[in-house]
>>> print(open('entry04.cif').read())   # mmCIF, C-alpha atoms
data_target
#
loop_
_atom_site.label_atom_id
_atom_site.label_comp_id
_atom_site.auth_asym_id
_atom_site.auth_seq_id
_atom_site.Cartn_x
_atom_site.Cartn_y
_atom_site.Cartn_z
CA MET A 4 -31.01 -13.70 -52.03
CA MET A 5 -27.94 -12.56 -53.94
CA SER A 6 -26.68 -10.66 -50.86
CA SER A 7 -27.22 -13.68 -48.62
CA ARG A 8 -25.35 -15.98 -50.99
CA ALA A 9 -22.47 -13.52 -51.30
CA GLY A 10 -22.27 -13.21 -47.54
CA SER A 11 -22.10 -16.96 -47.06
CA ILE A 12 -19.33 -17.30 -49.64
CA LEU A 13 -17.34 -14.49 -47.99
CA LEU A 14 -17.78 -16.05 -44.55
CA ARG A 15 -16.66 -19.46 -45.84
CA HIS A 16 -13.48 -18.03 -47.32
CA ALA A 17 -12.73 -15.80 -44.31
CA GLY A 18 -13.36 -18.65 -41.91
CA SER A 19 -10.92 -20.88 -43.68
CA ARG A 20 -8.29 -18.16 -43.54
CA LEU A 21 -8.84 -17.33 -39.87
CA PHE A 22 -9.40 -20.68 -38.25
CA THR A 23 -7.67 -23.30 -40.41
CA ALA A 24 -4.26 -21.68 -40.65
CA ALA A 25 -2.76 -24.34 -38.46
CA ALA A 26 -3.99 -27.55 -36.92
CA VAL A 27 -4.14 -27.61 -33.14
CA SER A 28 -3.60 -30.95 -31.47
CA PRO A 29 -5.83 -31.88 -28.51
CA ALA A 30 -2.77 -32.00 -26.23
CA ALA A 31 -1.64 -28.54 -27.27
CA ALA A 32 -5.14 -27.13 -26.99
CA SER A 33 -5.46 -28.42 -23.46
CA ARG A 34 -2.48 -26.33 -22.32
CA PRO A 35 -3.16 -22.64 -21.69
CA LEU A 36 -1.13 -20.14 -23.65
CA LEU A 37 0.32 -18.43 -20.58
CA ALA A 38 1.20 -21.70 -18.91
CA GLY A 39 3.82 -22.48 -21.46
CA GLY A 40 1.96 -24.77 -23.84
CA SER A 41 2.94 -24.85 -27.52
CA ASN A 42 -0.29 -23.41 -28.94
CA ASN A 43 1.00 -22.64 -32.41
CA GLY A 44 -2.55 -22.65 -33.76
CA VAL A 45 -3.65 -20.07 -31.26
CA GLN A 46 -0.65 -17.94 -32.16
CA ALA A 47 -1.59 -18.16 -35.81
CA VAL A 48 -5.13 -17.02 -35.07
CA MET A 49 -3.81 -14.15 -32.95
CA LEU A 50 -1.49 -13.07 -35.73
CA ARG A 51 -4.28 -13.05 -38.29
CA LEU A 52 -6.55 -11.06 -36.02
CA MET A 53 -3.77 -8.56 -35.32
CA SER A 54 -3.01 -8.20 -39.01
CA THR A 55 -6.47 -6.71 -39.64
CA SER A 56 -5.67 -3.72 -37.40
CA SER A 57 -1.97 -2.99 -37.77
CA PRO A 58 0.51 -4.53 -40.23
CA ALA A 59 3.42 -3.31 -38.12
CA ALA A 60 1.99 -4.86 -34.96
CA ALA A 61 1.29 -8.11 -36.81
CA SER A 62 4.84 -8.28 -38.13
CA GLU A 63 6.29 -7.62 -34.67
CA ALA A 64 3.99 -10.15 -33.05
CA LYS A 65 4.86 -12.71 -35.73
CA ASP A 66 8.57 -12.32 -35.00
CA GLU A 67 7.95 -12.68 -31.28
CA ALA A 68 5.77 -15.74 -31.82
CA ALA A 69 8.40 -17.38 -34.00
CA LYS A 70 11.06 -16.69 -31.39
CA ALA A 71 8.84 -18.02 -28.62
CA SER A 72 8.00 -21.19 -30.55
CA LYS A 73 11.71 -21.93 -30.88
CA GLU A 74 12.54 -21.23 -27.26
CA GLY A 75 9.37 -22.88 -25.86
CA GLY A 76 8.56 -23.08 -22.17
CA ASP A 77 7.50 -19.96 -20.28
CA LYS A 78 8.41 -17.60 -23.11
CA LYS A 79 4.77 -17.56 -24.33
CA ALA A 80 4.01 -14.79 -21.82
CA VAL A 81 6.62 -12.62 -23.55
CA VAL A 82 4.39 -12.42 -26.66
CA ILE A 83 1.69 -10.51 -24.76
CA ASN A 84 4.03 -8.50 -22.56
CA SER A 85 6.20 -7.29 -25.41
CA TYR A 86 3.15 -6.52 -27.56
CA TRP A 87 1.99 -3.97 -24.94
CA GLY A 88 5.51 -2.81 -24.16
CA ILE A 89 5.39 -4.10 -20.57
CA GLU A 90 7.93 -6.63 -19.40
CA GLN A 91 8.05 -7.73 -15.77
CA ASN A 92 11.38 -8.27 -14.11
CA ASN A 93 10.99 -11.52 -12.20
CA LYS A 94 14.66 -11.87 -11.34
CA LEU A 95 14.85 -9.54 -8.34
CA VAL A 96 17.18 -10.74 -5.63
CA ARG A 97 18.11 -9.78 -2.09
CA ASP A 98 21.53 -8.54 -1.08
CA ASP A 99 22.59 -12.12 -0.33
CA GLY A 100 21.61 -13.25 -3.83
CA THR A 101 18.47 -15.18 -2.85
CA GLU A 102 15.26 -14.72 -4.80
CA TRP A 103 12.97 -11.82 -3.89
CA LYS A 104 9.47 -13.23 -3.41
CA TRP A 105 7.38 -10.12 -2.69
CA THR A 106 5.33 -8.29 -5.32
CA CYS A 107 3.72 -5.78 -2.92
CA PHE A 108 7.04 -3.97 -2.46
CA ARG A 109 10.48 -4.04 -4.07
CA PRO A 110 14.00 -4.32 -2.62
CA TRP A 111 14.71 -0.62 -3.18
CA GLU A 112 11.63 0.28 -1.09
CA THR A 113 12.98 -1.39 2.05
CA TYR A 114 14.82 0.50 4.77
CA THR A 115 16.28 0.31 8.25
CA ALA A 116 14.07 2.09 10.79
CA ASP A 117 15.57 4.86 12.88
CA THR A 118 14.77 3.59 16.38
CA SER A 119 16.77 6.38 18.05
CA ILE A 120 13.97 8.89 17.55
CA ASP A 121 12.58 10.61 20.65
CA LEU A 122 9.44 8.72 21.64
CA THR A 123 8.45 11.10 24.44
CA ARG A 124 8.03 14.22 22.31
CA HIS A 125 4.54 15.68 22.73
CA HIS A 126 2.73 18.67 21.28
CA GLU A 127 1.17 20.56 24.16
CA PRO A 128 -2.35 21.65 23.15
CA LYS A 129 -2.59 25.42 23.71
CA THR A 130 -5.05 26.77 21.17
CA LEU A 131 -8.72 25.84 21.09
CA MET A 132 -8.19 23.88 17.90
CA ASP A 133 -5.36 21.87 19.46
CA LYS A 134 -7.46 21.08 22.52
CA ILE A 135 -10.39 19.90 20.41
CA ALA A 136 -8.06 17.68 18.37
CA TYR A 137 -6.39 16.32 21.51
CA TRP A 138 -9.60 15.44 23.34
CA THR A 139 -11.15 14.01 20.20
CA VAL A 140 -8.34 11.48 20.01
CA LYS A 141 -8.50 10.80 23.75
CA SER A 142 -12.22 10.09 23.49
CA LEU A 143 -11.58 7.55 20.73
CA ARG A 144 -9.10 5.69 22.90
CA PHE A 145 -11.68 4.89 25.60
CA PRO A 146 -13.88 2.48 23.54
CA THR A 147 -10.76 0.97 22.00
CA ASP A 148 -9.38 0.10 25.45
CA ILE A 149 -12.69 -1.52 26.41
CA PHE A 150 -13.01 -3.56 23.23
CA PHE A 151 -9.45 -4.83 22.83
CA GLN A 152 -8.21 -4.58 26.43
CA ARG A 153 -4.64 -5.95 26.25
CA ARG A 154 -4.99 -7.94 23.02
CA TYR A 155 -2.37 -5.78 21.38
CA GLY A 156 -2.01 -7.84 18.22
CA CYS A 157 -5.65 -7.27 17.26
CA ARG A 158 -5.44 -3.71 18.57
CA ALA A 159 -2.47 -2.99 16.30
CA MET A 160 -4.34 -4.46 13.34
CA MET A 161 -7.32 -2.20 13.98
CA LEU A 162 -5.07 0.81 14.57
CA GLU A 163 -3.29 0.38 11.25
CA THR A 164 -6.53 0.12 9.26
CA VAL A 165 -7.32 3.61 10.56
CA ALA A 166 -3.78 5.04 10.51
CA ALA A 167 -3.38 4.31 6.79
CA VAL A 168 -6.36 6.50 5.88
CA PRO A 169 -5.14 10.08 6.61
CA GLY A 170 -2.08 9.95 4.38
CA MET A 171 -4.12 8.66 1.46
CA VAL A 172 -6.89 11.25 1.95
CA GLY A 173 -4.43 14.13 2.40
CA GLY A 174 -2.32 13.06 -0.57
CA MET A 175 -5.39 12.66 -2.75
CA LEU A 176 -6.80 16.08 -1.88
CA LEU A 177 -3.43 17.76 -2.41
CA HIS A 178 -3.13 15.96 -5.73
CA LEU A 179 -6.52 17.27 -6.86
CA ARG A 180 -5.66 20.76 -5.61
CA SER A 181 -2.43 20.67 -7.61
CA LEU A 182 -4.36 19.72 -10.75
CA ARG A 183 -7.03 22.39 -10.24
CA ARG A 184 -4.63 25.22 -9.51
CA PHE A 185 -1.78 24.18 -11.82
CA GLU A 186 0.70 24.32 -8.95
CA GLN A 187 3.29 22.05 -7.36
CA SER A 188 2.85 20.58 -3.88
CA GLY A 189 6.36 20.92 -2.49
CA GLY A 190 6.62 17.13 -2.36
CA TRP A 191 3.79 16.76 0.15
CA ILE A 192 1.69 14.53 -2.10
CA ARG A 193 4.46 11.99 -2.20
CA ALA A 194 5.25 12.36 1.51
CA LEU A 195 1.66 11.70 2.57
CA LEU A 196 1.25 8.77 0.18
CA GLU A 197 4.50 7.33 1.56
CA GLU A 198 2.97 7.55 5.01
CA ALA A 199 -0.18 5.75 3.86
CA GLU A 200 1.86 2.98 2.23
CA ASN A 201 4.05 2.60 5.30
CA GLU A 202 0.99 2.26 7.54
CA ARG A 203 -0.47 -0.31 5.16
CA MET A 204 2.71 -2.37 5.41
CA HIS A 205 2.28 -2.29 9.18
CA LEU A 206 -1.14 -3.86 8.65
CA MET A 207 0.22 -6.50 6.27
CA THR A 208 2.75 -7.42 8.96
CA PHE A 209 0.29 -7.70 11.84
CA MET A 210 -2.05 -9.75 9.69
CA GLU A 211 0.61 -12.45 9.95
CA VAL A 212 0.68 -12.15 13.75
CA ALA A 213 -2.97 -11.72 14.73
CA LYS A 214 -5.73 -13.43 12.79
CA PRO A 215 -8.83 -11.22 13.02
CA ARG A 216 -12.17 -12.73 13.96
CA TRP A 217 -15.24 -12.17 11.82
CA TYR A 218 -16.68 -9.48 14.08
CA GLU A 219 -13.32 -7.68 14.13
CA ARG A 220 -13.33 -7.63 10.33
CA ALA A 221 -16.86 -6.21 10.43
CA LEU A 222 -15.70 -3.58 12.90
CA VAL A 223 -12.83 -2.64 10.59
CA ILE A 224 -15.25 -2.05 7.71
CA THR A 225 -17.47 0.12 9.88
CA VAL A 226 -14.68 2.13 11.48
CA GLN A 227 -12.87 2.67 8.19
CA GLY A 228 -16.03 3.87 6.46
CA VAL A 229 -16.85 6.33 9.23
CA PHE A 230 -13.29 7.56 9.71
CA PHE A 231 -12.56 8.00 6.01
CA ASN A 232 -15.57 10.22 5.43
CA ALA A 233 -15.06 12.16 8.67
CA TYR A 234 -11.39 12.79 7.92
CA PHE A 235 -12.14 13.67 4.31
CA LEU A 236 -14.62 16.31 5.42
CA GLY A 237 -12.29 17.51 8.19
CA TYR A 238 -9.39 17.93 5.79
CA LEU A 239 -11.55 19.94 3.39
CA LEU A 240 -12.66 22.26 6.20
CA SER A 241 -9.32 22.61 8.04
CA PRO A 242 -6.11 20.82 6.99
CA LYS A 243 -4.30 22.15 10.07
CA PHE A 244 -6.91 20.55 12.34
CA ALA A 245 -6.79 17.28 10.37
CA HIS A 246 -3.00 17.03 10.61
CA ARG A 247 -3.10 17.87 14.31
CA VAL A 248 -5.57 15.05 14.92
CA VAL A 249 -3.25 12.61 13.14
CA GLY A 250 -0.31 13.87 15.17
CA TYR A 251 -2.17 13.03 18.38
CA LEU A 252 -3.32 9.70 16.93
CA GLU A 253 0.32 8.81 16.32
CA GLU A 254 1.17 9.76 19.91
CA GLU A 255 -1.49 7.29 21.06
CA ALA A 256 -0.04 4.69 18.70
CA ILE A 257 3.37 5.11 20.31
CA HIS A 258 1.78 4.56 23.72
CA SER A 259 -0.04 1.42 22.52
CA TYR A 260 3.11 -0.11 21.02
CA THR A 261 5.06 0.71 24.18
CA GLU A 262 2.48 -1.25 26.20
CA TYR A 263 2.71 -4.03 23.62
CA LEU A 264 6.47 -4.20 24.18
CA LYS A 265 6.01 -4.32 27.95
CA ASP A 266 3.79 -7.38 27.65
CA LEU A 267 6.28 -9.02 25.29
CA GLU A 268 9.15 -8.40 27.69
CA ALA A 269 7.09 -9.66 30.65
CA GLY A 270 6.24 -12.87 28.83
CA LYS A 271 2.50 -12.16 28.76
CA ILE A 272 2.60 -12.32 24.98
CA GLU A 273 4.71 -14.92 23.20
CA ASN A 274 7.68 -13.38 21.43
CA VAL A 275 7.29 -15.37 18.22
CA PRO A 276 9.67 -15.13 15.25
CA ALA A 277 9.14 -12.07 13.08
CA PRO A 278 7.07 -12.58 9.90
CA SER A 279 9.22 -12.88 6.80
CA ILE A 280 7.55 -9.85 5.23
CA ALA A 281 8.71 -7.72 8.18
CA ILE A 282 12.26 -9.06 7.97
CA ASP A 283 12.52 -8.01 4.34
CA TYR A 284 10.67 -4.70 4.63
CA TRP A 285 12.66 -3.34 7.59
CA ARG A 286 15.87 -5.24 6.76
CA LEU A 287 15.78 -7.06 10.07
CA PRO A 288 18.15 -9.94 10.89
CA ALA A 289 16.96 -13.42 10.03
CA ASN A 290 16.47 -14.30 13.70
CA ALA A 291 14.35 -11.20 14.45
CA THR A 292 11.35 -11.60 16.72
CA LEU A 293 7.99 -9.94 17.21
CA LYS A 294 9.61 -7.59 19.72
CA ASP A 295 11.93 -6.29 17.00
CA VAL A 296 8.96 -5.75 14.69
CA VAL A 297 6.98 -3.79 17.29
CA THR A 298 10.07 -1.68 18.00
CA VAL A 299 10.52 -0.58 14.38
CA VAL A 300 6.78 -0.02 13.90
CA ARG A 301 6.76 2.23 16.96
CA ALA A 302 9.66 4.21 15.49
CA ASP A 303 7.68 4.64 12.25
CA GLU A 304 4.73 5.99 14.20
CA ALA A 305 6.99 8.51 15.94
CA HIS A 306 8.15 9.78 12.55
CA HIS A 307 4.55 10.09 11.34
CA ARG A 308 3.77 12.02 14.53
CA ASP A 309 6.49 14.55 13.72
CA VAL A 310 5.44 14.93 10.07
CA ASN A 311 1.79 15.62 10.87
CA HIS A 312 2.45 18.02 13.73
CA PHE A 313 4.93 19.79 11.44
CA ALA A 314 2.30 20.02 8.67
CA SER A 315 -0.22 21.45 11.12
CA ASP A 316 2.34 24.00 12.34
CA ILE A 317 2.91 25.17 8.75
CA HIS A 318 -0.81 25.88 8.37
CA CYS A 319 -0.97 27.53 11.79
CA GLN A 320 1.72 29.98 10.63
CA GLY A 321 -0.51 31.06 7.75
CA MET A 322 1.43 29.23 5.05
CA GLN A 323 0.57 26.41 2.67
CA LEU A 324 2.35 23.06 2.69
CA LYS A 325 3.91 23.72 -0.71
CA GLN A 326 5.88 26.61 0.79
CA SER A 327 7.89 24.22 2.98
CA PRO A 328 9.71 21.22 1.46
CA ALA A 329 8.14 17.94 2.48
CA PRO A 330 10.17 15.44 4.57
CA ILE A 331 10.10 12.74 1.91
CA GLY A 332 11.47 9.42 3.16
CA TYR A 333 11.60 10.71 6.74
CA HIS A 334 10.37 7.46 8.27
#
>>> encode(input="entry04.cif", output="structure tokens")
Amino acid sequence: MMSSRAGSILLRHAGSRLFTAAAVSPAAASRPLLAGGSNNGVQAVMLRLMSTSSPAAASEAKDEAAKASKEGGDKKAVVINSYWGIEQNNKLVRDDGTEWKWTCFRPWETYTADTSIDLTRHHEPKTLMDKIAYWTVKSLRFPTDIFFQRRYGCRAMMLETVAAVPGMVGGMLLHLRSLRRFEQSGGWIRALLEEAENERMHLMTFMEVAKPRWYERALVITVQGVFFNAYFLGYLLSPKFAHRVVGYLEEEAIHSYTEYLKDLEAGKIENVPAPSIAIDYWRLPANATLKDVVTVVRADEAHHRDVNHFASDIHCQGMQLKQSPAPIGYH
């Protein structure tokens, strides 16, 4: 009984200290803290809770809260951001001074595609491994042609969901290898992850052009699941074979985008204005069209073709990728 009474007295005193430090008006309580409301009561509660764990953190948070209460508005978010040491820069601008609206990539990650690259370059399959890789890719093209026919927008969308997998798998496995063996990768981890990110941006672009149907989304899930696991296993067994397969896949991608351009030029597909995400990512002119987008995407695929055939050649010569500097930023 004595313990129960002591506990109730302690709770009554602690409760008054924690929850009655400041009165919160109904209007202030109805506004969320991160939306810019003046929740001084909530700040007081936060400060008291923080003070139980770290006096230094409580003092810093108290100063920030006082500053925010004076400035008002959107500065409430600064209390949380500065507490964790993370502050987002929301004032990014383009070269012309206009606001940068993308969060999936930053201005310094954009580039101008090198469209002068040789699109006809082809690795002639001579060894048994090369021939298996070549005909594996050719066999995958047959069902794709039947399913999509000449609907190149949807075809490109499907292609990019697959093309973004190898770079991520290869980069991940090289990353784990580097950790296990305490060795550097020669920049190949970054190069392969760059490739994966670039392919993903292709997908984000074509999502604005071709709206996938429900069964196409289901097909993407199925194909990605099968291809990811197959490529993962293939890369573990033979990286040179895996990179050769991707090199031939990129050659097929170049062919598909070339056919896409032919239909655009012939008027079979409407040459609509380029999506704004593509204009910013590839630094295209404001009046760019879908034809311009397909042209730069095709150039990217040609660069990925070269990188993967080059990686396979390194392995074929009995060396590891780390022994040859990676072509970082090649695309």
>>> residues_around(input="entry04.cif", residues="Trp285 in chain A", least_positions_apart="5", cutoff="9 Å", atoms="only C-alpha atoms", output="list in words")
Thr113, Tyr114, Thr115, Ala116, Ile280, Val296 and Val299 of chain A
>>> write_last_selection(input="entry04.cif", atoms="C-alpha atoms", output="mmCIF file, keeping the file's coordinate frame")
data_model
loop_
_atom_site.group_PDB
_atom_site.id
_atom_site.type_symbol
_atom_site.label_atom_id
_atom_site.label_comp_id
_atom_site.auth_asym_id
_atom_site.auth_seq_id
_atom_site.Cartn_x
_atom_site.Cartn_y
_atom_site.Cartn_z
ATOM 1 C CA THR A 113 12.980 -1.390 2.050
ATOM 2 C CA TYR A 114 14.820 0.500 4.770
ATOM 3 C CA THR A 115 16.280 0.310 8.250
ATOM 4 C CA ALA A 116 14.070 2.090 10.790
ATOM 5 C CA ILE A 280 7.550 -9.850 5.230
ATOM 6 C CA VAL A 296 8.960 -5.750 14.690
ATOM 7 C CA VAL A 299 10.520 -0.580 14.380
#
>>> atom_distance(input="entry04.cif", atom1="CA of Lys243 in chain A", atom2="CA of Ile120 in chain A")
23.8 Å
>>> atom_distance(input="entry04.cif", atom1="CA of Leu131 in chain A", atom2="CA of Phe313 in chain A")
17.8 Å
>>> residues_around(input="entry04.cif", residues="Trp138 in chain A", least_positions_apart="4", cutoff="12 Å", atoms="all atoms listed in the file", output="list in words")
Glu127, Pro128, Leu131, Met132, Asp133, Lys134, Ser142, Leu143, Arg144, Phe145, Arg247, Val248, Tyr251, Leu252 and Glu255 of chain A
>>> resolve_selection(input="entry04.cif", expression="the PyMOL selection byres ((chain A and resi 197) around 9)", output="PyMOL selection string")
chain A and resi 170-171+192-196+198-202+331-332+334
>>> write_last_selection(input="entry04.cif", atoms="C-alpha atoms", output="CSV table (one decimal), keeping the file's coordinate frame")
chain,number,residue,atom,x,y,z
A,170,GLY,CA,-2.1,10.0,4.4
A,171,MET,CA,-4.1,8.7,1.5
A,192,ILE,CA,1.7,14.5,-2.1
A,193,ARG,CA,4.5,12.0,-2.2
A,194,ALA,CA,5.2,12.4,1.5
A,195,LEU,CA,1.7,11.7,2.6
A,196,LEU,CA,1.2,8.8,0.2
A,198,GLU,CA,3.0,7.6,5.0
A,199,ALA,CA,-0.2,5.8,3.9
A,200,GLU,CA,1.9,3.0,2.2
A,201,ASN,CA,4.0,2.6,5.3
A,202,GLU,CA,1.0,2.3,7.5
A,331,ILE,CA,10.1,12.7,1.9
A,332,GLY,CA,11.5,9.4,3.2
A,334,HIS,CA,10.4,7.5,8.3
>>> atom_distance(input="entry04.cif", atom1="CA of Leu206 in chain A", atom2="CA of His246 in chain A")
21.1 Å
>>> decode(input="entry04.cif", residues="range 133-174 of chain A", atoms="C-alpha atoms", output="PDB file, in the first residue's frame")
ATOM      1  CA  ASP A 133      30.263 -16.307 -76.495  1.00  0.00           C
ATOM      2  CA  LYS A 134      28.002 -18.370 -78.740  1.00  0.00           C
ATOM      3  CA  ILE A 135      25.916 -19.573 -75.807  1.00  0.00           C
ATOM      4  CA  ALA A 136      25.561 -15.993 -74.558  1.00  0.00           C
ATOM      5  CA  TYR A 137      24.676 -14.727 -78.037  1.00  0.00           C
ATOM      6  CA  TRP A 138      22.006 -17.325 -78.764  1.00  0.00           C
ATOM      7  CA  THR A 139      20.577 -17.023 -75.273  1.00  0.00           C
ATOM      8  CA  VAL A 140      19.874 -13.359 -75.931  1.00  0.00           C
ATOM      9  CA  LYS A 141      18.546 -14.079 -79.423  1.00  0.00           C
ATOM     10  CA  SER A 142      16.129 -16.651 -78.010  1.00  0.00           C
ATOM     11  CA  LEU A 143      14.796 -14.085 -75.537  1.00  0.00           C
ATOM     12  CA  ARG A 144      14.064 -11.645 -78.341  1.00  0.00           C
ATOM     13  CA  PHE A 145      11.621 -13.996 -80.095  1.00  0.00           C
ATOM     14  CA  PRO A 146       8.849 -13.974 -77.416  1.00  0.00           C
ATOM     15  CA  THR A 147       9.392 -10.260 -76.891  1.00  0.00           C
ATOM     16  CA  ASP A 148       8.727  -9.562 -80.583  1.00  0.00           C
ATOM     17  CA  ILE A 149       5.541 -11.626 -80.449  1.00  0.00           C
ATOM     18  CA  PHE A 150       4.207  -9.997 -77.285  1.00  0.00           C
ATOM     19  CA  PHE A 151       4.980  -6.344 -77.991  1.00  0.00           C
ATOM     20  CA  GLN A 152       5.172  -6.384 -81.807  1.00  0.00           C
ATOM     21  CA  ARG A 153       5.821  -2.728 -82.715  1.00  0.00           C
ATOM     22  CA  ARG A 154       4.533  -1.132 -79.503  1.00  0.00           C
ATOM     23  CA  TYR A 155       7.964   0.256 -78.799  1.00  0.00           C
ATOM     24  CA  GLY A 156       6.957   2.451 -75.872  1.00  0.00           C
ATOM     25  CA  CYS A 157       5.801  -0.555 -73.836  1.00  0.00           C
ATOM     26  CA  ARG A 158       8.684  -2.600 -75.212  1.00  0.00           C
ATOM     27  CA  ALA A 159      11.183  -0.004 -73.983  1.00  0.00           C
ATOM     28  CA  MET A 160       9.534   0.020 -70.569  1.00  0.00           C
ATOM     29  CA  MET A 161       9.849  -3.755 -70.284  1.00  0.00           C
ATOM     30  CA  LEU A 162      13.422  -3.675 -71.598  1.00  0.00           C
ATOM     31  CA  GLU A 163      14.534  -1.157 -68.983  1.00  0.00           C
ATOM     32  CA  THR A 164      13.052  -3.138 -66.082  1.00  0.00           C
ATOM     33  CA  VAL A 165      15.387  -5.956 -67.131  1.00  0.00           C
ATOM     34  CA  ALA A 166      18.371  -3.840 -68.205  1.00  0.00           C
ATOM     35  CA  ALA A 167      18.606  -2.178 -64.785  1.00  0.00           C
ATOM     36  CA  VAL A 168      19.140  -5.518 -63.026  1.00  0.00           C
ATOM     37  CA  PRO A 169      22.663  -6.612 -64.159  1.00  0.00           C
ATOM     38  CA  GLY A 170      24.476  -3.495 -62.985  1.00  0.00           C
ATOM     39  CA  MET A 171      22.882  -3.722 -59.555  1.00  0.00           C
ATOM     40  CA  VAL A 172      23.607  -7.457 -59.210  1.00  0.00           C
ATOM     41  CA  GLY A 173      27.195  -7.109 -60.440  1.00  0.00           C
ATOM     42  CA  GLY A 174      27.869  -4.080 -58.262  1.00  0.00           C
TER      43      GLY A 174
END
